[in-house]
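Read the structure below first, then the notes.
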Amino acid sequence: MKAFAKTKPGRGGVECLDWDVPRVGPGEVLIQVMAAGICGSDVHVYHWSEDVIREYQPTLPLVMGHEFSGVVAEVAPHVEGLKAGDRVTANPVLSCGNCSFCKGGRQNICDHRPLLGAGIDGAFAQFVSIRSANVYRLDDGISFELGALSELACVALHAIEKVGLISGNTIAVVGAGPVGLTTMILAKHSGAGPVLITGLKADRERLELAKEIGAIPIEAESMDASRQILEYSNGLGADVVFETSGSSAGVIQSLNLVRKGGKICLIGLAPGTTGIPTAIVAFREIELVGTRAYTSKTWEKIFHVLLNAGEDLKRIITHRLPLRLAEDGFRLMETREGLKVMILPWQ
Ligand SMILES: [Zn+2]
Ligand SMILES: [Zn+2]
């Protein structure tokens with residue numbers, strides 16, 4: 001088969017090459033990949049970012065990719081509930097199942113949780129094998145491309161559930177990338193309103209899309225985002241701010257947008273340290289909530305969400321590329337031209 005792999009450390013160092021079809025180990029399922037999205041964390045692997053390399057310790061060569069959907073090609077003996085031909089997607093976090101976090105239902109912060117495409121071979125390939133417990137059948141109403149957005153949608157849904165977003169809350173989303181837009185869409189579908197989203201000058205088209213989907217866009221380089229939020233919240237500020245930009249500036253901006261007693265949900269990964277004015281956090285009783293990935297419970301709920309919000313979510317897909325042009329997809333992500341780039345390995 002063909003696979004798109006990181007073969008050399010450092011920036012870039014990727015190749016589309018011939019690769020053995022993965023062996024189906026005990027309890028595993030072989031899936032023919034139909035669609036696979038390029039995620040921000042794939043870009044981190046592509047750039048060989050220190051934080052991500054330290055966390056996942058990849059050994060090269062490594063097939064990249066973890067957001068995917070496809071068709072079951074083969075099932076190991078004794079695996080129940082799945083058969084060849086089933087349309088599926090999968091949770092790419094292989095949490096251990098034995099640590100105290102897994103046992104408490106918090107598989108996302110498991111002590112040992114390799115991620116497909118970062119720690120072990122992933123889905124930018126014609127076939128991928130993964131343990132059956134992580135595989136979910138797709139409803140007929142969910143296309144392969146929408147199915148490949150499940151993982152991203154799970155990130156947003158877990159964050160929304162973590163802060164206990166309630167209907168009618170005023171929401172601000174900082175950052176208009178794929179995670180920001182997905183969070184905005186799911187917040188809107190959870191009954192939040194108004195939902196504001198901030199971006200940079202370079203995000204003009206992304207903010208335009210956010211507006212079409214029903215959010216209030218704020219281009220934060222030429223507009224005063226905190227003034228805007230006050231206008232939409234009776235002078236209070238946002239009940240919940242989702243920080244998705246992964247920058248120190250975004251974290252500080254979040255503090256300027258949140259109301260007294262409000263919550264800031266940190267989804268983005270700002271590199272290094274951020275100078276948070278802790279006295280403001282204390283005096284205003286602001287809650288900083290960390291969130292990471294999703295749990296099995298999130299996956300059980302996500303397909304219902306995809307059926308409801310699918311039309312909006314599909315709009316974030318900007319490009320479709322065959323496997324051999326996957327590196328172009330990374331370039332599109334770097335220039336912000338690509339919002340969600342789908343790799344179609346059967347093309
Ligand atoms: Zn992802
Ligand atoms: Zn665990």
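Simple scheme: letters A, B, ... for chains in structure tokens order, numbers from 1 for residues in each chain, numbers from 1 for ligands in the order shown.
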| said: Considering only strand (DSSP E or B) as DSSP defines it on the backbone, what residues of range 86-272 of chain A qualify? List them as number ranges by chain. | reply: A: 87-90, 93, 115-116, 120, 125, 127-131, 135-137, 171-174, 195-199, 216-219, 238-243, 258-266
Convert the current residue selection to file output with C-alpha atoms, as a PDB file, in the first residue's frame.
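Below is the file that was written, again_25.pdb:
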ATOM      1  CA  ARG A  87     -18.337   2.124   7.661  1.00  0.00           C
ATOM      2  CA  VAL A  88     -16.384   3.315  10.706  1.00  0.00           C
ATOM      3  CA  THR A  89     -14.267   5.934  12.409  1.00  0.00           C
ATOM      4  CA  ALA A  90     -12.021   5.521  15.454  1.00  0.00           C
ATOM      5  CA  VAL A  93      -6.000   7.703  21.566  1.00  0.00           C
ATOM      6  CA  LEU A 115      -1.744   8.588  19.736  1.00  0.00           C
ATOM      7  CA  LEU A 116      -2.156   7.219  16.238  1.00  0.00           C
ATOM      8  CA  ILE A 120       2.365   4.789  16.507  1.00  0.00           C
ATOM      9  CA  ALA A 125      -2.271   5.457   4.415  1.00  0.00           C
ATOM     10  CA  PHE A 127      -4.994   0.948   5.466  1.00  0.00           C
ATOM     11  CA  VAL A 128      -4.641   1.382   9.208  1.00  0.00           C
ATOM     12  CA  SER A 129      -5.091  -1.176  11.981  1.00  0.00           C
ATOM     13  CA  ILE A 130      -6.375  -0.261  15.420  1.00  0.00           C
ATOM     14  CA  ARG A 131      -7.848  -2.097  18.414  1.00  0.00           C
ATOM     15  CA  VAL A 135     -13.705   1.742  16.544  1.00  0.00           C
ATOM     16  CA  TYR A 136     -17.196   3.210  16.105  1.00  0.00           C
ATOM     17  CA  ARG A 137     -19.675   2.443  13.356  1.00  0.00           C
ATOM     18  CA  ILE A 171     -19.502  32.659  24.479  1.00  0.00           C
ATOM     19  CA  ALA A 172     -16.260  34.019  23.099  1.00  0.00           C
ATOM     20  CA  VAL A 173     -13.957  31.793  21.101  1.00  0.00           C
ATOM     21  CA  VAL A 174     -10.391  33.046  20.752  1.00  0.00           C
ATOM     22  CA  VAL A 195     -21.230  33.394  20.161  1.00  0.00           C
ATOM     23  CA  LEU A 196     -18.338  35.699  19.285  1.00  0.00           C
ATOM     24  CA  ILE A 197     -15.124  34.540  17.650  1.00  0.00           C
ATOM     25  CA  THR A 198     -11.848  36.433  17.375  1.00  0.00           C
ATOM     26  CA  GLY A 199      -9.150  36.119  14.751  1.00  0.00           C
ATOM     27  CA  ILE A 216     -20.166  37.385  15.504  1.00  0.00           C
ATOM     28  CA  PRO A 217     -16.671  37.764  14.046  1.00  0.00           C
ATOM     29  CA  ILE A 218     -14.118  40.094  15.657  1.00  0.00           C
ATOM     30  CA  GLU A 219     -10.935  40.902  13.815  1.00  0.00           C
ATOM     31  CA  ALA A 238     -18.410  36.370  28.195  1.00  0.00           C
ATOM     32  CA  ASP A 239     -19.689  33.652  30.526  1.00  0.00           C
ATOM     33  CA  VAL A 240     -17.228  31.262  28.915  1.00  0.00           C
ATOM     34  CA  VAL A 241     -14.155  31.929  26.761  1.00  0.00           C
ATOM     35  CA  PHE A 242     -12.607  29.084  24.775  1.00  0.00           C
ATOM     36  CA  GLU A 243      -8.920  29.774  24.094  1.00  0.00           C
ATOM     37  CA  VAL A 258     -14.349  36.867  30.358  1.00  0.00           C
ATOM     38  CA  ARG A 259     -16.886  38.197  32.851  1.00  0.00           C
ATOM     39  CA  LYS A 260     -16.408  38.259  36.609  1.00  0.00           C
ATOM     40  CA  GLY A 261     -16.990  34.729  37.855  1.00  0.00           C
ATOM     41  CA  GLY A 262     -16.679  33.380  34.319  1.00  0.00           C
ATOM     42  CA  LYS A 263     -14.617  30.520  32.941  1.00  0.00           C
ATOM     43  CA  ILE A 264     -11.733  30.327  30.517  1.00  0.00           C
ATOM     44  CA  CYS A 265     -11.337  26.967  28.868  1.00  0.00           C
ATOM     45  CA  LEU A 266      -7.787  26.384  27.635  1.00  0.00           C
TER      46      LEU A 266
END
Wanna dump the chain A-ligand 2 contacts at 10 Å for me, each residue with its shortest atom pair and the distance in Å to one decimal, counting only C-alpha atoms and all ligand atoms, ordered by chain and number, as JSON lines?
{"residue": "A:Leu94", "atom": "CA", "partner": "ligand 2", "partner_atom_place_in_ligand_line": "1 (Zn)", "distance": 8.7}
{"residue": "A:Ser95", "atom": "CA", "partner": "ligand 2", "partner_atom_place_in_ligand_line": "1 (Zn)", "distance": 5.0}
{"residue": "A:Cys96", "atom": "CA", "partner": "ligand 2", "partner_atom_place_in_ligand_line": "1 (Zn)", "distance": 3.9}
{"residue": "A:Gly97", "atom": "CA", "partner": "ligand 2", "partner_atom_place_in_ligand_line": "1 (Zn)", "distance": 4.6}
{"residue": "A:Asn98", "atom": "CA", "partner": "ligand 2", "partner_atom_place_in_ligand_line": "1 (Zn)", "distance": 5.1}
{"residue": "A:Cys99", "atom": "CA", "partner": "ligand 2", "partner_atom_place_in_ligand_line": "1 (Zn)", "distance": 4.0}
{"residue": "A:Ser100", "atom": "CA", "partner": "ligand 2", "partner_atom_place_in_ligand_line": "1 (Zn)", "distance": 6.6}
{"residue": "A:Phe101", "atom": "CA", "partner": "ligand 2", "partner_atom_place_in_ligand_line": "1 (Zn)", "distance": 5.7}
{"residue": "A:Cys102", "atom": "CA", "partner": "ligand 2", "partner_atom_place_in_ligand_line": "1 (Zn)", "distance": 4.3}
{"residue": "A:Lys103", "atom": "CA", "partner": "ligand 2", "partner_atom_place_in_ligand_line": "1 (Zn)", "distance": 7.3}
{"residue": "A:Gly104", "atom": "CA", "partner": "ligand 2", "partner_atom_place_in_ligand_line": "1 (Zn)", "distance": 9.3}
{"residue": "A:Gly105", "atom": "CA", "partner": "ligand 2", "partner_atom_place_in_ligand_line": "1 (Zn)", "distance": 9.2}
{"residue": "A:Arg106", "atom": "CA", "partner": "ligand 2", "partner_atom_place_in_ligand_line": "1 (Zn)", "distance": 8.1}
{"residue": "A:Gln107", "atom": "CA", "partner": "ligand 2", "partner_atom_place_in_ligand_line": "1 (Zn)", "distance": 5.8}
{"residue": "A:Asn108", "atom": "CA", "partner": "ligand 2", "partner_atom_place_in_ligand_line": "1 (Zn)", "distance": 8.3}
{"residue": "A:Ile109", "atom": "CA", "partner": "ligand 2", "partner_atom_place_in_ligand_line": "1 (Zn)", "distance": 7.4}
{"residue": "A:Cys110", "atom": "CA", "partner": "ligand 2", "partner_atom_place_in_ligand_line": "1 (Zn)", "distance": 3.8}
{"residue": "A:Asp111", "atom": "CA", "partner": "ligand 2", "partner_atom_place_in_ligand_line": "1 (Zn)", "distance": 5.2}
{"residue": "A:His112", "atom": "CA", "partner": "ligand 2", "partner_atom_place_in_ligand_line": "1 (Zn)", "distance": 5.7}
{"residue": "A:Arg113", "atom": "CA", "partner": "ligand 2", "partner_atom_place_in_ligand_line": "1 (Zn)", "distance": 6.7}
Now that the selection is made, can you save its residues with C-alpha atoms as a JSON list (two decimals), in the first residue's frame?
[["chain", "number", "residue", "atom", "x", "y", "z"],
["A", 94, "LEU", "CA", -4.90, 4.26, 22.74],
["A", 95, "SER", "CA", -5.29, 4.84, 26.47],
["A", 96, "CYS", "CA", -4.06, 1.96, 28.66],
["A", 97, "GLY", "CA", -7.36, 1.04, 30.31],
["A", 98, "ASN", "CA", -5.61, 0.15, 33.58],
["A", 99, "CYS", "CA", -4.44, 3.35, 35.25],
["A", 100, "SER", "CA", -6.55, 5.24, 37.80],
["A", 101, "PHE", "CA", -7.50, 7.85, 35.19],
["A", 102, "CYS", "CA", -8.77, 5.27, 32.69],
["A", 103, "LYS", "CA", -10.66, 3.48, 35.44],
["A", 104, "GLY", "CA", -12.26, 6.79, 36.44],
["A", 105, "GLY", "CA", -13.38, 7.44, 32.85],
["A", 106, "ARG", "CA", -10.69, 10.05, 32.14],
["A", 107, "GLN", "CA", -8.86, 8.18, 29.37],
["A", 108, "ASN", "CA", -7.74, 11.53, 27.92],
["A", 109, "ILE", "CA", -5.24, 12.04, 30.74],
["A", 110, "CYS", "CA", -4.20, 8.38, 30.93],
["A", 111, "ASP", "CA", -0.65, 7.74, 32.17],
["A", 112, "HIS", "CA", 0.18, 5.94, 28.92],
["A", 113, "ARG", "CA", -1.79, 7.03, 25.87]]
| task | Quick one: pull the distance between CA of Ser247 in chain A and CA of Leu165 in chain A, Å, one decimal. | result | 23.1 Å
| task | Check the DSSP output for the backbone and give back, as a PyMOL selection string, the residues of range 115-214 of chain A in helix (DSSP H, G or I). | result | chain A and resi 132-134+144-147+150-163+178-189+201-213
| task | Find the spatial neighbours of Lys301 in chain A, counting only C-alpha atoms, within a cut-off of 9 Å - ignore same-chain residues fewer than 5 positions away - and output them as a list of chain:residue names. | result |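 Contacts, in chain order: A:Cys154, A:Leu157, A:Ser296.
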Closest atom pairs, chain A residues within 8 Å of ligand 1, only C-alpha atoms and all ligand atoms, as CSV:
residue,atom,partner,partner_atom_place_in_ligand_line,distance
A:Gly37,CA,ligand 1,1 (Zn),7.8
A:Ile38,CA,ligand 1,1 (Zn),7.4
A:Cys39,CA,ligand 1,1 (Zn),4.6
A:Gly40,CA,ligand 1,1 (Zn),6.6
A:Ser41,CA,ligand 1,1 (Zn),6.3
A:Asp42,CA,ligand 1,1 (Zn),7.6
A:His66,CA,ligand 1,1 (Zn),6.3
A:Glu67,CA,ligand 1,1 (Zn),5.6
A:Glu151,CA,ligand 1,1 (Zn),5.9
A:Leu152,CA,ligand 1,1 (Zn),5.3
A:Val155,CA,ligand 1,1 (Zn),7.9
Write out the residues from the selection above, keeping all heavy atoms, as a compact mmCIF listing (two decimals), in the first residue's frame.
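See out.txt below for the written result:
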# COMPACT_ATOMS: atom_id res chain seq x y z
N GLY A 37 -8.21 13.70 7.89
CA GLY A 37 -7.95 15.14 7.98
C GLY A 37 -6.58 15.43 8.55
O GLY A 37 -6.07 14.69 9.39
N ILE A 38 -5.98 16.53 8.06
CA ILE A 38 -4.72 16.99 8.66
C ILE A 38 -5.08 17.86 9.86
O ILE A 38 -5.86 18.81 9.74
CB ILE A 38 -3.86 17.80 7.67
CG1 ILE A 38 -3.54 16.95 6.43
CG2 ILE A 38 -2.58 18.29 8.35
CD1 ILE A 38 -2.66 17.68 5.40
N CYS A 39 -4.51 17.52 11.01
CA CYS A 39 -4.82 18.20 12.26
C CYS A 39 -3.62 19.06 12.68
O CYS A 39 -2.50 18.83 12.22
CB CYS A 39 -5.09 17.14 13.32
SG CYS A 39 -5.37 17.76 14.97
N GLY A 40 -3.87 20.02 13.56
CA GLY A 40 -2.79 20.84 14.08
C GLY A 40 -1.68 19.99 14.69
O GLY A 40 -0.49 20.32 14.55
N SER A 41 -2.04 18.89 15.33
CA SER A 41 -0.98 18.09 15.95
C SER A 41 -0.15 17.36 14.89
O SER A 41 1.03 17.09 15.10
CB SER A 41 -1.54 17.13 17.00
OG SER A 41 -2.53 16.32 16.46
N ASP A 42 -0.75 17.05 13.72
CA ASP A 42 0.06 16.51 12.62
C ASP A 42 1.07 17.56 12.17
O ASP A 42 2.22 17.22 11.84
CB ASP A 42 -0.83 16.14 11.42
CG ASP A 42 -1.81 15.02 11.74
OD1 ASP A 42 -1.38 14.03 12.35
OD2 ASP A 42 -2.99 15.15 11.38
N HIS A 66 -4.37 11.01 12.28
CA HIS A 66 -5.19 10.35 13.30
C HIS A 66 -6.68 10.65 13.18
O HIS A 66 -7.47 10.09 13.91
CB HIS A 66 -4.70 10.72 14.70
CG HIS A 66 -4.87 12.17 15.02
ND1 HIS A 66 -3.88 13.09 14.78
CD2 HIS A 66 -5.92 12.86 15.49
CE1 HIS A 66 -4.32 14.29 15.13
NE2 HIS A 66 -5.55 14.18 15.54
N GLU A 67 -7.06 11.58 12.29
CA GLU A 67 -8.50 11.90 12.15
C GLU A 67 -8.99 11.22 10.88
O GLU A 67 -8.69 11.70 9.80
CB GLU A 67 -8.68 13.42 11.97
CG GLU A 67 -8.15 14.26 13.10
CD GLU A 67 -8.37 15.76 12.87
OE1 GLU A 67 -8.82 16.16 11.77
OE2 GLU A 67 -8.11 16.51 13.81
N GLU A 151 -13.17 13.25 15.35
CA GLU A 151 -12.16 13.45 16.39
C GLU A 151 -12.08 14.92 16.78
O GLU A 151 -12.07 15.27 17.96
CB GLU A 151 -10.80 12.94 15.88
CG GLU A 151 -9.81 12.69 16.97
CD GLU A 151 -8.77 13.79 17.11
OE1 GLU A 151 -8.78 14.75 16.33
OE2 GLU A 151 -7.95 13.68 18.02
N LEU A 152 -12.07 15.78 15.77
CA LEU A 152 -12.04 17.23 16.02
C LEU A 152 -13.29 17.66 16.79
O LEU A 152 -13.21 18.42 17.76
CB LEU A 152 -11.96 17.94 14.66
CG LEU A 152 -12.03 19.46 14.67
CD1 LEU A 152 -10.88 20.06 15.45
CD2 LEU A 152 -11.98 19.97 13.22
N VAL A 155 -13.04 16.88 20.42
CA VAL A 155 -12.21 17.83 21.18
C VAL A 155 -13.09 18.99 21.65
O VAL A 155 -13.06 19.40 22.82
CB VAL A 155 -11.04 18.36 20.31
CG1 VAL A 155 -10.32 19.51 20.99
CG2 VAL A 155 -10.07 17.22 19.99
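For range 80-84 of chain A, the list of residues within 12 Å, based on only C-alpha atoms and with local chain neighbours fewer than 6 positions off taken out, reads Gly27, Glu28, Val29, Leu30, Ile31, Gln32, Gly70, Val71, Val72, Ala73, Glu74, Arg131, Ser132, Ala133, Asn134, Val135, Tyr136, Arg137 and Leu138 of chain A.
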| query | Using only C-alpha atoms, which residue out of A:Gly122, A:Glu231, A:His158, A:Asp224 lies closest to Thr170 in chain A? | reply | A:Glu231
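Taking CA of Ile160 in chain A and CA of Phe68 in chain A as the two end points, the separation is 22.3 Å.
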Would you pick out the contacts of Glu334 in chain A at 12 Å or less, using only C-alpha atoms, so that residues sharing its chain but fewer than 4 positions from it are not included, and give the list as a short mmCIF file (atom, residue, chain, number, x, y, z; two decimals) with N, CA and C atoms, in the first residue's frame?
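Once written, part-v6.cif looks like this:
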data_model
loop_
_atom_site.label_atom_id
_atom_site.label_comp_id
_atom_site.auth_asym_id
_atom_site.auth_seq_id
_atom_site.Cartn_x
_atom_site.Cartn_y
_atom_site.Cartn_z
N GLY A 12 9.73 19.30 8.18
CA GLY A 12 9.50 18.58 6.92
C GLY A 12 9.88 17.12 7.07
N ILE A 38 -5.98 16.53 8.06
CA ILE A 38 -4.72 16.99 8.66
C ILE A 38 -5.08 17.86 9.86
N CYS A 39 -4.51 17.52 11.01
CA CYS A 39 -4.82 18.20 12.26
C CYS A 39 -3.62 19.06 12.68
N GLY A 40 -3.87 20.02 13.56
CA GLY A 40 -2.79 20.84 14.08
C GLY A 40 -1.68 19.99 14.69
N ASP A 42 -0.75 17.05 13.72
CA ASP A 42 0.06 16.51 12.62
C ASP A 42 1.07 17.56 12.17
N VAL A 43 0.63 18.82 12.16
CA VAL A 43 1.55 19.89 11.76
C VAL A 43 2.71 19.99 12.76
N HIS A 44 2.39 19.77 14.04
CA HIS A 44 3.47 19.77 15.06
C HIS A 44 4.47 18.65 14.80
N TYR A 46 5.02 17.28 11.87
CA TYR A 46 5.68 17.71 10.62
C TYR A 46 6.81 18.70 10.93
N HIS A 47 6.53 19.64 11.84
CA HIS A 47 7.54 20.64 12.23
C HIS A 47 8.53 20.10 13.25
N GLY A 177 -9.15 29.07 13.96
CA GLY A 177 -8.65 27.88 13.26
C GLY A 177 -9.70 26.78 13.32
N ALA A 202 -5.12 37.99 9.13
CA ALA A 202 -4.90 36.88 8.20
C ALA A 202 -6.05 35.88 8.21
N GLU A 327 1.85 16.40 1.36
CA GLU A 327 2.72 17.46 1.88
C GLU A 327 2.19 18.84 1.48
N ASP A 328 1.56 18.94 0.31
CA ASP A 328 0.94 20.22 -0.09
C ASP A 328 -0.09 20.64 0.96
N GLY A 329 -0.76 19.65 1.52
CA GLY A 329 -1.77 19.94 2.55
C GLY A 329 -1.13 20.61 3.76
N PHE A 330 0.07 20.16 4.13
CA PHE A 330 0.76 20.78 5.26
C PHE A 330 1.14 22.22 4.93
N GLY A 338 -5.47 26.60 4.07
CA GLY A 338 -6.24 25.39 4.38
C GLY A 338 -6.77 25.48 5.79
N LEU A 339 -8.06 25.18 5.94
CA LEU A 339 -8.64 25.18 7.28
C LEU A 339 -8.66 23.71 7.72
N LYS A 340 -9.42 22.89 7.00
CA LYS A 340 -9.32 21.45 7.20
C LYS A 340 -9.02 20.83 5.84
N VAL A 341 -7.86 20.22 5.74
CA VAL A 341 -7.46 19.57 4.50
C VAL A 341 -7.72 18.07 4.65
#
| Point-to-point distance in Å for CA of Ser143 in chain A and CA of Gly85 in chain A | 14.7 Å
Find the residues around Leu209 in chain A up to 12 Å (only C-alpha atoms counted), leave out those fewer than 4 positions away in its own chain, and share them as a tab-separated table (two decimals) with C-alpha atoms, in the first residue's frame.
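Contents of the output file selection_10.tsv:
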chain	number	residue	atom	x	y	z
A	176	ALA	CA	-10.51	31.08	14.18
A	177	GLY	CA	-8.65	27.88	13.26
A	178	PRO	CA	-10.30	24.46	12.89
A	180	GLY	CA	-11.99	27.48	17.17
A	181	LEU	CA	-14.57	27.17	14.41
A	182	THR	CA	-15.63	23.68	15.50
A	184	MET	CA	-18.03	27.83	17.85
A	185	ILE	CA	-20.32	25.56	15.81
A	197	ILE	CA	-15.12	34.54	17.65
A	199	GLY	CA	-9.15	36.12	14.75
A	203	ASP	CA	-8.07	35.06	9.31
A	204	ARG	CA	-10.38	37.29	7.25
A	205	GLU	CA	-11.87	34.41	5.25
A	213	ILE	CA	-22.47	30.06	10.23
A	214	GLY	CA	-24.00	32.48	12.71
A	215	ALA	CA	-21.21	33.77	14.95
A	216	ILE	CA	-20.17	37.39	15.50
A	217	PRO	CA	-16.67	37.76	14.05
A	312	ASP	CA	-22.09	23.54	9.46
A	313	LEU	CA	-19.10	21.35	10.29
A	314	LYS	CA	-18.57	20.24	6.69
A	315	ARG	CA	-18.00	23.86	5.73
A	316	ILE	CA	-14.62	23.89	7.44
A	317	ILE	CA	-13.26	21.43	4.84
A	318	THR	CA	-11.37	23.62	2.37
A	339	LEU	CA	-8.64	25.18	7.28
| message | Measuring between only C-alpha atoms, which one of A:Glu300, A:Trp48, A:Leu236, A:Gly246 shows the shortest distance to Thr274 in chain A? | response |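 When distances to Thr274 in chain A are compared using only C-alpha atoms, the smallest one comes from A:Gly246.
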